[in-house]
file query34.cif (mmCIF, C-alpha atoms)
data_my_file
#
loop_
_atom_site.group_PDB
_atom_site.id
_atom_site.type_symbol
_atom_site.label_atom_id
_atom_site.label_comp_id
_atom_site.auth_asym_id
_atom_site.auth_seq_id
_atom_site.Cartn_x
_atom_site.Cartn_y
_atom_site.Cartn_z
ATOM 1 C CA LEU S 10 105.011 -236.954 -54.681
ATOM 2 C CA VAL S 11 106.311 -238.018 -51.298
ATOM 3 C CA ALA S 12 108.471 -234.902 -51.117
ATOM 4 C CA GLU S 13 105.287 -232.810 -51.125
ATOM 5 C CA ARG S 14 104.018 -234.707 -48.102
ATOM 6 C CA ILE S 15 107.046 -233.963 -45.960
ATOM 7 C CA ARG S 16 106.431 -231.047 -43.656
ATOM 8 C CA ASP S 17 108.869 -228.187 -43.132
ATOM 9 C CA ASP S 18 109.890 -229.669 -39.781
ATOM 10 C CA GLY S 19 110.893 -232.944 -41.499
ATOM 11 C CA THR S 20 107.903 -234.967 -40.312
ATOM 12 C CA VAL S 21 105.619 -236.718 -42.742
ATOM 13 C CA THR S 22 101.892 -236.470 -43.168
ATOM 14 C CA PRO S 23 99.675 -239.213 -41.772
ATOM 15 C CA SER S 24 99.043 -240.591 -45.280
ATOM 16 C CA VAL S 25 102.772 -241.087 -45.904
ATOM 17 C CA ASP S 26 103.166 -242.646 -42.472
ATOM 18 C CA ALA S 27 100.303 -245.057 -43.203
ATOM 19 C CA ALA S 28 101.763 -245.959 -46.589
ATOM 20 C CA ARG S 29 105.098 -246.732 -44.953
ATOM 21 C CA GLY S 30 103.341 -248.996 -42.478
ATOM 22 C CA GLU S 31 101.630 -250.858 -45.319
ATOM 23 C CA ASP S 32 104.950 -251.218 -47.154
ATOM 24 C CA ILE S 33 106.616 -252.630 -44.045
ATOM 25 C CA GLU S 34 103.767 -255.074 -43.547
ATOM 26 C CA ARG S 35 104.046 -256.272 -47.182
ATOM 27 C CA LEU S 36 107.807 -256.645 -46.794
ATOM 28 C CA LEU S 37 107.486 -258.700 -43.618
ATOM 29 C CA GLU S 38 104.845 -260.935 -45.215
ATOM 30 C CA ALA S 39 107.102 -261.477 -48.240
ATOM 31 C CA LEU S 40 110.082 -262.265 -45.983
ATOM 32 C CA GLU S 41 108.033 -264.915 -44.188
ATOM 33 C CA GLN S 42 107.533 -266.696 -47.518
ATOM 34 C CA LEU S 43 111.298 -267.168 -47.961
ATOM 35 C CA ARG S 44 113.423 -270.073 -46.802
ATOM 36 C CA GLU S 45 115.046 -269.674 -43.395
ATOM 37 C CA ASP S 46 118.547 -269.201 -44.915
ATOM 38 C CA ASP S 47 117.219 -266.449 -47.172
ATOM 39 C CA GLN S 48 115.497 -264.697 -44.278
ATOM 40 C CA ARG S 49 118.621 -264.885 -42.146
ATOM 41 C CA VAL S 50 121.019 -263.502 -44.755
ATOM 42 C CA ILE S 51 118.669 -260.603 -45.551
ATOM 43 C CA GLU S 52 118.250 -259.875 -41.846
ATOM 44 C CA LEU S 53 121.998 -259.871 -41.223
ATOM 45 C CA ARG S 54 122.963 -257.897 -44.324
ATOM 46 C CA ASP S 55 120.114 -255.442 -44.782
ATOM 47 C CA PHE S 56 118.806 -254.912 -41.254
ATOM 48 C CA GLU S 57 121.871 -255.491 -39.084
ATOM 49 C CA GLU S 58 124.161 -254.146 -41.863
ATOM 50 C CA LEU S 59 126.872 -256.753 -41.343
ATOM 51 C CA SER S 60 129.569 -257.305 -43.953
ATOM 52 C CA PHE S 61 129.475 -260.419 -46.106
ATOM 53 C CA ARG S 62 132.610 -261.586 -44.308
ATOM 54 C CA ALA S 63 130.967 -261.227 -40.882
ATOM 55 C CA ILE S 64 127.849 -263.012 -42.086
ATOM 56 C CA GLY S 65 129.984 -265.821 -43.467
ATOM 57 C CA GLU S 66 131.670 -266.220 -40.098
ATOM 58 C CA ARG S 67 128.294 -266.405 -38.340
ATOM 59 C CA LEU S 68 126.839 -268.879 -40.833
ATOM 60 C CA GLY S 69 129.959 -270.960 -41.352
ATOM 61 C CA ARG S 70 130.132 -270.110 -45.056
ATOM 62 C CA SER S 71 132.611 -268.355 -47.281
ATOM 63 C CA GLU S 72 132.204 -264.682 -48.103
ATOM 64 C CA ALA S 73 131.547 -265.568 -51.754
ATOM 65 C CA ALA S 74 128.882 -268.107 -50.780
ATOM 66 C CA VAL S 75 127.142 -265.511 -48.614
ATOM 67 C CA GLN S 76 127.188 -262.973 -51.465
ATOM 68 C CA MET S 77 125.534 -265.510 -53.769
ATOM 69 C CA LEU S 78 123.007 -266.482 -51.090
ATOM 70 C CA HIS S 79 122.125 -262.821 -50.531
ATOM 71 C CA ALA S 80 121.727 -262.111 -54.248
ATOM 72 C CA ARG S 81 119.408 -265.086 -54.646
ATOM 73 C CA ALA S 82 117.483 -264.185 -51.494
ATOM 74 C CA VAL S 83 116.907 -260.629 -52.707
ATOM 75 C CA THR S 84 115.670 -261.991 -56.046
ATOM 76 C CA ARG S 85 113.262 -264.338 -54.261
ATOM 77 C CA LEU S 86 112.097 -261.483 -52.033
ATOM 78 C CA GLY S 87 111.357 -259.377 -55.096
ATOM 79 C CA GLN S 88 109.348 -262.238 -56.587
ATOM 80 C CA ALA S 89 107.408 -262.660 -53.335
ATOM 81 C CA LEU S 90 106.609 -258.930 -53.273
ATOM 82 C CA ARG S 91 105.213 -259.065 -56.810
ATOM 83 C CA ARG S 92 102.692 -261.794 -55.893
#
call {"tool": "encode", "arguments": {"input": "query34.cif", "output": "structure tokens"}}
result
Amino acid sequence: LVAERIRDDGTVTPSVDAARGEDIERLLEALEQLREDDQRVIELRDFEELSFRAIGERLGRSEAAVQMLHARAVTRLGQALRR
């Protein structure tokens, strides 16, 4: 359990830190496999935490179109991670 590898001071053990690094590397590799639009919408929504409305304004798309794009991008990302 990860909870068992968290120290009393809130820091994690080296093994948990290494596992996180591997997870991040896998995520970045999977993101690189996606189309540019998919990468961009995931970056804006999940990393920059912008609203769908704000993303739509940046990309010149409607809020509904951005929501659909994001849903499809997340699905494709999940597929890429399973490979």
call {"tool": "closest_residue", "arguments": {"input": "query34.cif", "among": "S:Arg29, S:Arg91, S:Leu78, S:Arg85", "to": "Leu53 in chain S", "atoms": "only C-alpha atoms"}}
result
S:Leu78
call {"tool": "atom_distance", "arguments": {"input": "query34.cif", "atom1": "CA of Leu90 in chain S", "atom2": "CA of Ala39 in chain S"}}
result
5.7 Å
call {"tool": "residues_around", "arguments": {"input": "query34.cif", "residues": "Arg44 in chain S", "least_positions_apart": "2", "cutoff": "12 Å", "atoms": "all atoms listed in the file", "output": "PyMOL selection string"}}
result
chain S and resi 39-42+46-51+78-79+81-83+85-86+89
call {"tool": "atom_distance", "arguments": {"input": "query34.cif", "atom1": "CA of Gly65 in chain S", "atom2": "CA of Leu43 in chain S"}}
result
19.3 Å
call {"tool": "atom_distance", "arguments": {"input": "query34.cif", "atom1": "CA of Glu58 in chain S", "atom2": "CA of Gly87 in chain S"}}
result
19.1 Å
call {"tool": "residues_around", "arguments": {"input": "query34.cif", "residues": "Ser71 in chain S", "least_positions_apart": "6", "cutoff": "12 Å", "atoms": "only C-alpha atoms", "output": "list in words"}}
result
Ser60, Phe61, Arg62, Ala63, Ile64, Gly65, Met77 and Leu78 of chain S
call {"tool": "write_last_selection", "arguments": {"input": "query34.cif", "atoms": "C-alpha atoms", "output": "compact mmCIF listing (two decimals), in the frame of the given file"}}
result
# COMPACT_ATOMS: atom_id res chain seq x y z
CA SER S 60 129.57 -257.30 -43.95
CA PHE S 61 129.48 -260.42 -46.11
CA ARG S 62 132.61 -261.59 -44.31
CA ALA S 63 130.97 -261.23 -40.88
CA ILE S 64 127.85 -263.01 -42.09
CA GLY S 65 129.98 -265.82 -43.47
CA MET S 77 125.53 -265.51 -53.77
CA LEU S 78 123.01 -266.48 -51.09
